[in-house]
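Peer 1: Can you read through this structure? Questions will come right after.
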Amino acid sequence: MHSFKVITLFVVSAAIFSACGVTKRGADFTAPASSENARSIETGISSWYGPNFHGKLTANGEVYDMDGVTAAHRTLPFGTILLVENLDNGKTVQVRINDRGPYAKDRIIDLSRAAAKEIDMIGPGTARVRLYLVKGDLENSRITDIKVPTYTVQLGSYQTKSEADKHSAKVDGSFVETVKVNGKKFYRVYKGTYTDPEEAKNEMNRLNQQGHAGFVKQIENN
């Protein structure tokens, strides 16, 4: 009887240990989410960070593990669970926010190496992503304060406003924006504003078919 109890205890312990062994580190995978049942909150560029930060403290005091599925965000509360969708290939990964960043221009999230690997962005280094809220509170996150890349179709750039206005008058819905480049003023003709570059690209193709030469341009922080 004593031997039976020992064997039973061993089997149960082994099963628990095995179950723990397949749990990915860094995120809450008890309730996997999809883009269909999670709220979309942000779209932009993602980057990833790895060996240079491995073993160092994250902003919330944890030790950074590049093989865990975590991420850095500038304002979302620590512990927030996000579903990150790579818009270039449709792959997704669920991550937990435990660090601050990224601070590079126009990037909205920094994934751990393991998370980046899940959505095939290790090689490219960056990817266009959409963030979905799985678990967390946005009430005090200042999510609306984050700079999200904005795209438009640029149809022309002129040194005088009159030339730009003349061009803009030929394209319904276009507008003229004044920008400074190296201290010099230019007047650019833009059509539309988009947070999704694919939508801007579709508009560019439509305009090109109508004989208006243009290209997609990111206009945030001009």
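As shown in the structure tokens, the chain order sets the letters A, B, ...; within each chain, residues go from 1, and ligands are also counted from 1 in the order they appear.
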Would you mind listing what lies within 7 Å of stretch 89-96 of chain A as a list in words, with only C-alpha atoms counted and same-chain residues fewer than 3 positions away left out?

Peer 2: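 Selected residues are Gly26, Ala27, Val69, Thr70, Ala71, Gly79, Thr80, Ile81, Leu82, Leu83, Val84, Glu85, Asn86, Ala115, Glu118 and Ile119 of chain A.
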
Peer 1: Stretch 120-221 of chain A near stretch 35-57 of chain A within 9 Å: what's each residue's closest atom pair and its distance in Å to one decimal, counting only C-alpha atoms, ordered by chain then ascending residue number, as a Markdown table?

Peer 2:
| residue | atom | partner | partner_atom | distance |
| --- | --- | --- | --- | --- |
| A:Met121 | CA | A:Ser47 | CA | 8.2 |
| A:Ile122 | CA | A:Trp48 | CA | 7.6 |
| A:Gly125 | CA | A:Ser47 | CA | 5.9 |
| A:Thr126 | CA | A:Ser47 | CA | 4.5 |
| A:Ala127 | CA | A:Ser46 | CA | 5.3 |
| A:Arg128 | CA | A:Ile45 | CA | 4.6 |
| A:Val129 | CA | A:Gly44 | CA | 5.6 |
| A:Arg130 | CA | A:Thr43 | CA | 4.3 |
| A:Leu131 | CA | A:Glu42 | CA | 5.2 |
| A:Tyr132 | CA | A:Ser40 | CA | 4.2 |
| A:Leu133 | CA | A:Arg39 | CA | 5.2 |
| A:Val134 | CA | A:Ala38 | CA | 5.6 |
| A:Lys135 | CA | A:Ala38 | CA | 8.9 |
| A:Ile143 | CA | A:Ile41 | CA | 8.2 |
| A:Val148 | CA | A:Gly44 | CA | 6.1 |
| A:Pro149 | CA | A:Gly44 | CA | 6.2 |
| A:Thr150 | CA | A:Gly44 | CA | 9.0 |
| A:Thr195 | CA | A:Thr43 | CA | 7.0 |
| A:Asp196 | CA | A:Thr43 | CA | 7.3 |

Peer 1: With distances taken over only C-alpha atoms, which of A:Ile108, A:Val189, A:Val181, A:Ala213 is nearest to A:His167?

Peer 2: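 Between A:Ile108, A:Val189, A:Val181, A:Ala213, the residue approaching A:His167 most closely is A:Val189.
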
Peer 1: Can you list, as a PyMOL selection string, every protein, DNA or RNA residue that comes within 8 Å of stretch 151-166 of chain A when you count only C-alpha atoms, leaving out same-chain residues fewer than 2 positions away?

Peer 2: chain A and resi 149+168-170+176+185-197+200-201+203-204+212-220

Peer 1: Mind giving me the straight-line distance from atom CA of A:Arg113 to atom CA of A:Asp67 in Å, one decimal?

Peer 2: 6.2 Å

Peer 1: Could you give me the residues within stretch 87-165 of chain A that DSSP places in helix (DSSP H, G or I), as a ChimeraX atom specification?

Peer 2: /A:113-118,143-145,161-165

Peer 1: Any chance you could export the current selection's N, CA and C atoms as a PDB file, in the first residue's frame?

Peer 2:
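Contents of selection09.pdb, as written:
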ATOM      1  N   ARG A 113      12.965  38.970 -28.160  1.00  0.00           N
ATOM      2  CA  ARG A 113      13.425  38.182 -29.301  1.00  0.00           C
ATOM      3  C   ARG A 113      12.476  37.021 -29.602  1.00  0.00           C
ATOM      4  N   ALA A 114      12.023  36.330 -28.539  1.00  0.00           N
ATOM      5  CA  ALA A 114      11.133  35.188 -28.739  1.00  0.00           C
ATOM      6  C   ALA A 114       9.807  35.615 -29.365  1.00  0.00           C
ATOM      7  N   ALA A 115       9.286  36.752 -28.921  1.00  0.00           N
ATOM      8  CA  ALA A 115       8.026  37.246 -29.475  1.00  0.00           C
ATOM      9  C   ALA A 115       8.193  37.635 -30.941  1.00  0.00           C
ATOM     10  N   ALA A 116       9.315  38.285 -31.243  1.00  0.00           N
ATOM     11  CA  ALA A 116       9.589  38.679 -32.628  1.00  0.00           C
ATOM     12  C   ALA A 116       9.730  37.459 -33.531  1.00  0.00           C
ATOM     13  N   LYS A 117      10.333  36.412 -32.983  1.00  0.00           N
ATOM     14  CA  LYS A 117      10.507  35.171 -33.750  1.00  0.00           C
ATOM     15  C   LYS A 117       9.158  34.548 -34.094  1.00  0.00           C
ATOM     16  N   GLU A 118       8.203  34.643 -33.171  1.00  0.00           N
ATOM     17  CA  GLU A 118       6.874  34.055 -33.383  1.00  0.00           C
ATOM     18  C   GLU A 118       6.173  34.650 -34.601  1.00  0.00           C
ATOM     19  N   ILE A 143      -2.964  56.334 -23.842  1.00  0.00           N
ATOM     20  CA  ILE A 143      -2.804  55.697 -25.142  1.00  0.00           C
ATOM     21  C   ILE A 143      -2.985  56.690 -26.279  1.00  0.00           C
ATOM     22  N   THR A 144      -3.858  57.691 -26.086  1.00  0.00           N
ATOM     23  CA  THR A 144      -4.115  58.651 -27.158  1.00  0.00           C
ATOM     24  C   THR A 144      -2.964  59.637 -27.332  1.00  0.00           C
ATOM     25  N   ASP A 145      -2.033  59.666 -26.377  1.00  0.00           N
ATOM     26  CA  ASP A 145      -0.905  60.594 -26.482  1.00  0.00           C
ATOM     27  C   ASP A 145       0.225  60.040 -27.336  1.00  0.00           C
ATOM     28  N   LYS A 161       3.896  78.869 -52.870  1.00  0.00           N
ATOM     29  CA  LYS A 161       2.557  78.395 -52.517  1.00  0.00           C
ATOM     30  C   LYS A 161       1.603  78.464 -53.713  1.00  0.00           C
ATOM     31  N   SER A 162       1.798  79.438 -54.567  1.00  0.00           N
ATOM     32  CA  SER A 162       0.906  79.579 -55.712  1.00  0.00           C
ATOM     33  C   SER A 162       0.987  78.371 -56.632  1.00  0.00           C
ATOM     34  N   GLU A 163       2.191  77.835 -56.823  1.00  0.00           N
ATOM     35  CA  GLU A 163       2.351  76.644 -57.653  1.00  0.00           C
ATOM     36  C   GLU A 163       1.676  75.445 -57.013  1.00  0.00           C
ATOM     37  N   ALA A 164       1.837  75.327 -55.693  1.00  0.00           N
ATOM     38  CA  ALA A 164       1.228  74.210 -54.975  1.00  0.00           C
ATOM     39  C   ALA A 164      -0.295  74.302 -55.023  1.00  0.00           C
ATOM     40  N   ASP A 165      -0.826  75.525 -54.829  1.00  0.00           N
ATOM     41  CA  ASP A 165      -2.276  75.714 -54.877  1.00  0.00           C
ATOM     42  C   ASP A 165      -2.830  75.366 -56.253  1.00  0.00           C
TER      43      ASP A 165
END

Peer 1: Quick one: residues within 7 Å of A:Pro102, only C-alpha atoms, excluding same-chain residues fewer than 2 positions away - as a PDB file with N, CA and C atoms, in the first residue's frame?

Peer 2:
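Result went into selection01.pdb, see below:
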ATOM      1  N   ALA A  72       8.023  45.895 -24.622  1.00  0.00           N
ATOM      2  CA  ALA A  72       8.140  47.228 -24.038  1.00  0.00           C
ATOM      3  C   ALA A  72       7.186  48.168 -24.757  1.00  0.00           C
ATOM      4  N   HIS A  73       6.492  48.989 -23.985  1.00  0.00           N
ATOM      5  CA  HIS A  73       5.586  49.991 -24.543  1.00  0.00           C
ATOM      6  C   HIS A  73       5.789  51.275 -23.745  1.00  0.00           C
ATOM      7  N   ARG A  74       5.599  52.421 -24.391  1.00  0.00           N
ATOM      8  CA  ARG A  74       5.884  53.681 -23.718  1.00  0.00           C
ATOM      9  C   ARG A  74       4.892  54.044 -22.624  1.00  0.00           C
ATOM     10  N   ARG A 100       9.619  49.626 -20.657  1.00  0.00           N
ATOM     11  CA  ARG A 100       9.297  50.878 -21.313  1.00  0.00           C
ATOM     12  C   ARG A 100      10.119  51.041 -22.589  1.00  0.00           C
ATOM     13  N   ALA A 104      12.875  54.820 -30.367  1.00  0.00           N
ATOM     14  CA  ALA A 104      13.214  55.157 -31.754  1.00  0.00           C
ATOM     15  C   ALA A 104      11.994  55.772 -32.426  1.00  0.00           C
ATOM     16  N   ARG A 107       8.150  54.138 -33.659  1.00  0.00           N
ATOM     17  CA  ARG A 107       7.904  52.745 -33.298  1.00  0.00           C
ATOM     18  C   ARG A 107       7.003  52.692 -32.073  1.00  0.00           C
ATOM     19  N   ILE A 108       6.051  51.778 -32.082  1.00  0.00           N
ATOM     20  CA  ILE A 108       5.051  51.768 -31.022  1.00  0.00           C
ATOM     21  C   ILE A 108       5.259  50.665 -29.993  1.00  0.00           C
ATOM     22  N   ILE A 109       6.050  49.630 -30.331  1.00  0.00           N
ATOM     23  CA  ILE A 109       6.267  48.534 -29.394  1.00  0.00           C
ATOM     24  C   ILE A 109       7.598  47.867 -29.699  1.00  0.00           C
ATOM     25  N   ASP A 110       8.261  47.379 -28.642  1.00  0.00           N
ATOM     26  CA  ASP A 110       9.524  46.656 -28.749  1.00  0.00           C
ATOM     27  C   ASP A 110       9.289  45.246 -28.232  1.00  0.00           C
TER      28      ASP A 110
END

Peer 1: What is the distance, in Å and to one decimal place, between atom CA of A:Gln210 and atom CA of A:Asp172?

Peer 2: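 Taking atom CA of A:Gln210 as the start and atom CA of A:Asp172 as the end point, the length is 11.9 Å.
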